[in-house]
Amino acid sequence: MANFLRGCTPSLSRTTLAVFAVVLGLIIFSVYSPAAYPAGSGGGGGFTAPPPARSLTPEQQSERLFKAGIRHRDKALKQEAKAAAARAADKTKAQNRALAKAQKEFAKAIEKQSEAIQFDPQNYKAANELGYALRKTGDYRKAIGAYNYSLKINPNFHQATEYRAEALLALGYLEETKGAYLKLFRNDRELAGQLMAAMQAWLAAKGKDLSEDEAAFSAWVEERQRLANITTDLSLGNTRVW
Amino acid sequence: MVNTLILLGSLLLAAPAGAAFYPQPLVPGDNPQTPAKIALGKRLFSETALSVTGTYSCASCHQPHRHFTDGLKQAVGATGEQHAFNTPTLYNVAFNVSLGWTDQQITSLEHQHRVPLENRNPVEMGYSPTLAEALAQQESYRTAFAAVFASAPSTQNIVQAIASYVRTLRAPASAFDRYLFYDQPMTPEQHTGMDLFFSDRLGCATCHASLNFSGPIQHRTRQQPVVPEAVFHVTGVNNSYQAFRAPTLRSVAHTAPYMHDGSLATLDEVLRHYQTTQRERIPKFRLSPAEHRALISFLKAL
């Protein structure tokens, strides 16, 4: 547990994060060797049937799988919306059916995004989506590993920071969540707003029976919401015609 | 280790310009920012050859070491004529939807910079196009303008270069920024002052709003554009009924004297003024001595 905590603590060293990325990479490569998907000619004397997408570069294959994973993610989210509507209508069976379908779609998304990373280990967006799907299936620890991998490749991909923070929050790592919020607040107010909503929802679900740490976190969230309100961001785009 | 990181963070925050937490400002399509243009604009900003007397530049009033102000009540032009208004800081002007103290129609830095250059009532720089021609006699300028604009110095490209430089000016990071962006605590007195500043009772933030503590500024999110509302108000200082743009309060501890005419020498005087003035949009309030100190303390943290 202690090692894991260190691995997902934003303020700790890049080396630790790198170790996580390497571990994730090793898991990936142990299943899919890049050598099995050579780019370019087949070589050798014997004929072997080309794989279906042989003409595509590994990056193109990765992108195609990434998009397929996104489609599964979107289908899953639709099922989650159906489940929410069913719950509102007190239709438990329909709710459970929709949730089960959503989980299946998320599982497919995990498969596609994992494959996308095999083809292109630099595909940080696929790693981020892998983390998202893992998180939605409740595997927060693996999700954080995927987000760490995404952020290792592109530390400025703030969407991964936000998703990662939601996974950390679900596991109760409040200080790490606060650190992620501040990073987002400095760099992307919109994503900071999303994390703020997630923190408020987490606290609302906790109710009034808060531990000392949770009560302090609640006060911090309240203060941060106030600060966000009173220091509205400045221009982020063109509202003026020159 | 953590302390070292905090110290490093503080040093980075102390950078005088381009603080990372400010968003990118709007840039006119016909005057894109380039490093070479910004460098040329910075040089022109201090170029005395652009004044009628050959002794005055933008930096004569907007002095970088005085946080781009001059410490005078009212600005004095190249020929010694006194301006009606105080020299405002140039920090964060890139985010203003209108510029100058009173004119809501000046909405770009390119437009605004023509005012001090060409104004004749009173004379500020006393610039005329012949001075651009004189600039073209200097080889280093010829080379720089050719590289940036592929043309010789002209009024238009002089203004564009200066505007590009001024667009990069940011207030130095402050104790408030360190609290806001890095969760480093302010003092209890500063915190009390912040609560007062943003309270309905005092209403300071109604005009000195948002990250820039200024008005008007423009607000926009990616989903929902919001049309900016200009904030001009009658301060009542020296019984004036004219409406002035609320200036930024960033680095306000270093930009005395205050108000449009520089008539108030200290922040103490400003707070006393707002407790006694009877003007529209300014709530009537009284501060206890402790509250007064706290509010000053917060203003100094900006």
# chains A, B, ... in the order shown; residues from 1 in each chain; ligands from 1
call {"tool": "select_by_dssp", "arguments": {"residues": "range 4-253 of chain B", "states": "strand (DSSP E)", "output": "list of chain:residue names"}}
result
B:Phe232, B:His233, B:Val234, B:Ala243, B:Phe244, B:Arg245
call {"tool": "select_by_dssp", "arguments": {"residues": "range 50-269 of chain B", "states": "helix (DSSP H, G or I)", "output": "ChimeraX atom specification"}}
result
/B:50,58-61,64-66,93-95,109-112,114-118,129-135,139-149,155-166,175-182,188-197,204-207,237-239,252-254,267-269
call {"tool": "residues_around", "arguments": {"residues": "Pro289 in chain B", "least_positions_apart": "5", "cutoff": "12 Å", "atoms": "only C-alpha atoms", "output": "compact mmCIF listing (two decimals) with C-alpha atoms, in the first residue's frame"}}
result
# COMPACT_ATOMS: atom_id res chain seq x y z
CA GLY B 193 -8.66 41.68 4.43
CA ASP B 268 -4.92 54.69 3.81
CA LEU B 271 -9.82 53.70 2.08
CA ARG B 272 -10.79 56.83 4.02
CA ALA B 294 -6.50 44.07 7.39
CA LEU B 295 -7.77 45.49 4.13
CA ILE B 296 -4.54 47.41 3.58
call {"tool": "residues_around", "arguments": {"residues": "range 144-152 of chain B", "least_positions_apart": "6", "cutoff": "8 Å", "atoms": "only C-alpha atoms", "output": "MDAnalysis selection string"}}
result
chainID B and resid 36:37 40 136
call {"tool": "atom_distance", "arguments": {"atom1": "CA of Ala171 in chain B", "atom2": "CA of Ser210 in chain B"}}
result
14.0 Å
call {"tool": "residues_around", "arguments": {"residues": "Glu166 in chain A", "least_positions_apart": "6", "cutoff": "10 Å", "atoms": "only C-alpha atoms", "output": "PDB file with N, CA and C atoms, in the first residue's frame"}}
result
ATOM      1  N   TYR A 132      -9.465   5.709 -17.880  1.00  0.00           N
ATOM      2  CA  TYR A 132     -10.877   6.075 -17.674  1.00  0.00           C
ATOM      3  C   TYR A 132     -11.740   4.826 -17.595  1.00  0.00           C
ATOM      4  N   ARG A 135     -11.147   2.869 -14.510  1.00  0.00           N
ATOM      5  CA  ARG A 135     -11.777   3.541 -13.355  1.00  0.00           C
ATOM      6  C   ARG A 135     -13.269   3.261 -13.334  1.00  0.00           C
ATOM      7  N   TYR A 140      -9.500   1.153  -9.655  1.00  0.00           N
ATOM      8  CA  TYR A 140      -8.875   2.472  -9.500  1.00  0.00           C
ATOM      9  C   TYR A 140      -7.353   2.410  -9.525  1.00  0.00           C
ATOM     10  N   ILE A 144      -5.007   4.391 -12.113  1.00  0.00           N
ATOM     11  CA  ILE A 144      -3.979   5.389 -11.768  1.00  0.00           C
ATOM     12  C   ILE A 144      -2.671   5.067 -12.472  1.00  0.00           C
ATOM     13  N   ALA A 160      -5.792  13.924 -18.213  1.00  0.00           N
ATOM     14  CA  ALA A 160      -5.345  12.765 -17.433  1.00  0.00           C
ATOM     15  C   ALA A 160      -5.173  13.138 -15.958  1.00  0.00           C
ATOM     16  N   GLY A 172      -9.687   7.801  -1.592  1.00  0.00           N
ATOM     17  CA  GLY A 172      -9.551   8.554  -0.347  1.00  0.00           C
ATOM     18  C   GLY A 172      -8.232   9.276  -0.171  1.00  0.00           C
ATOM     19  N   TYR A 173      -7.465   9.445  -1.242  1.00  0.00           N
ATOM     20  CA  TYR A 173      -6.197  10.173  -1.139  1.00  0.00           C
ATOM     21  C   TYR A 173      -6.453  11.668  -1.296  1.00  0.00           C
ATOM     22  N   THR A 177      -5.390  14.582  -4.158  1.00  0.00           N
ATOM     23  CA  THR A 177      -6.490  15.187  -4.933  1.00  0.00           C
ATOM     24  C   THR A 177      -6.378  16.711  -4.889  1.00  0.00           C
ATOM     25  N   ALA A 180      -3.698  17.871  -7.226  1.00  0.00           N
ATOM     26  CA  ALA A 180      -4.137  17.811  -8.623  1.00  0.00           C
ATOM     27  C   ALA A 180      -5.060  18.985  -8.942  1.00  0.00           C
ATOM     28  N   GLN A 194     -14.359  20.817 -13.206  1.00  0.00           N
ATOM     29  CA  GLN A 194     -14.877  19.430 -13.228  1.00  0.00           C
ATOM     30  C   GLN A 194     -14.451  18.676 -11.980  1.00  0.00           C
ATOM     31  N   LEU A 195     -13.188  18.857 -11.605  1.00  0.00           N
ATOM     32  CA  LEU A 195     -12.705  18.161 -10.404  1.00  0.00           C
ATOM     33  C   LEU A 195     -13.390  18.717  -9.158  1.00  0.00           C
ATOM     34  N   MET A 196     -13.627  20.030  -9.162  1.00  0.00           N
ATOM     35  CA  MET A 196     -14.348  20.631  -8.034  1.00  0.00           C
ATOM     36  C   MET A 196     -15.718  19.964  -7.881  1.00  0.00           C
ATOM     37  N   ALA A 198     -16.568  17.030  -8.824  1.00  0.00           N
ATOM     38  CA  ALA A 198     -16.372  15.653  -8.356  1.00  0.00           C
ATOM     39  C   ALA A 198     -16.083  15.629  -6.849  1.00  0.00           C
ATOM     40  N   MET A 199     -15.295  16.598  -6.383  1.00  0.00           N
ATOM     41  CA  MET A 199     -14.974  16.646  -4.951  1.00  0.00           C
ATOM     42  C   MET A 199     -16.236  16.952  -4.143  1.00  0.00           C
ATOM     43  N   TRP A 202     -18.401  13.924  -4.049  1.00  0.00           N
ATOM     44  CA  TRP A 202     -17.817  12.926  -3.123  1.00  0.00           C
ATOM     45  C   TRP A 202     -18.166  13.281  -1.679  1.00  0.00           C
TER      46      TRP A 202
END
call {"tool": "residues_around", "arguments": {"residues": "range 109-115 of chain A", "least_positions_apart": "2", "cutoff": "9 Å", "atoms": "only C-alpha atoms", "output": "VMD selection string"}}
result
chain A and resid 28 32 62 65 to 73 76 104 to 107 117 to 120 126 to 134
call {"tool": "residues_around", "arguments": {"residues": "Thr69 in chain B", "least_positions_apart": "4", "cutoff": "7 Å", "atoms": "only C-alpha atoms", "output": "list in words"}}
result
Cys61, His62, Gln63, Thr87, Pro88, Thr89 and Thr255 of chain B
call {"tool": "atom_distance", "arguments": {"atom1": "CA of His292 in chain B", "atom2": "CA of Ser263 in chain B"}}
result
19.9 Å
call {"tool": "closest_residue", "arguments": {"among": "B:Lys284, B:Leu44, B:Pro25, B:Cys207", "to": "Leu135 in chain B", "atoms": "only C-alpha atoms"}}
result
B:Leu44
call {"tool": "atom_distance", "arguments": {"atom1": "CA of Glu162 in chain A", "atom2": "CA of Leu184 in chain A"}}
result
7.4 Å
call {"tool": "closest_residue", "arguments": {"among": "A:Lys206, A:Arg224, A:Arg97, A:Arg186", "to": "chain B", "atoms": "only C-alpha atoms"}}
result
A:Arg186
call {"tool": "closest_residue", "arguments": {"among": "B:Pro283, B:Pro64, B:Gly54, B:Gly262", "to": "Ala84 in chain B", "atoms": "only C-alpha atoms"}}
result
B:Gly262
call {"tool": "closest_residue", "arguments": {"among": "B:Arg43, B:Lys73, B:Arg201, B:Arg293", "to": "Pro188 in chain B", "atoms": "only C-alpha atoms"}}
result
B:Arg293
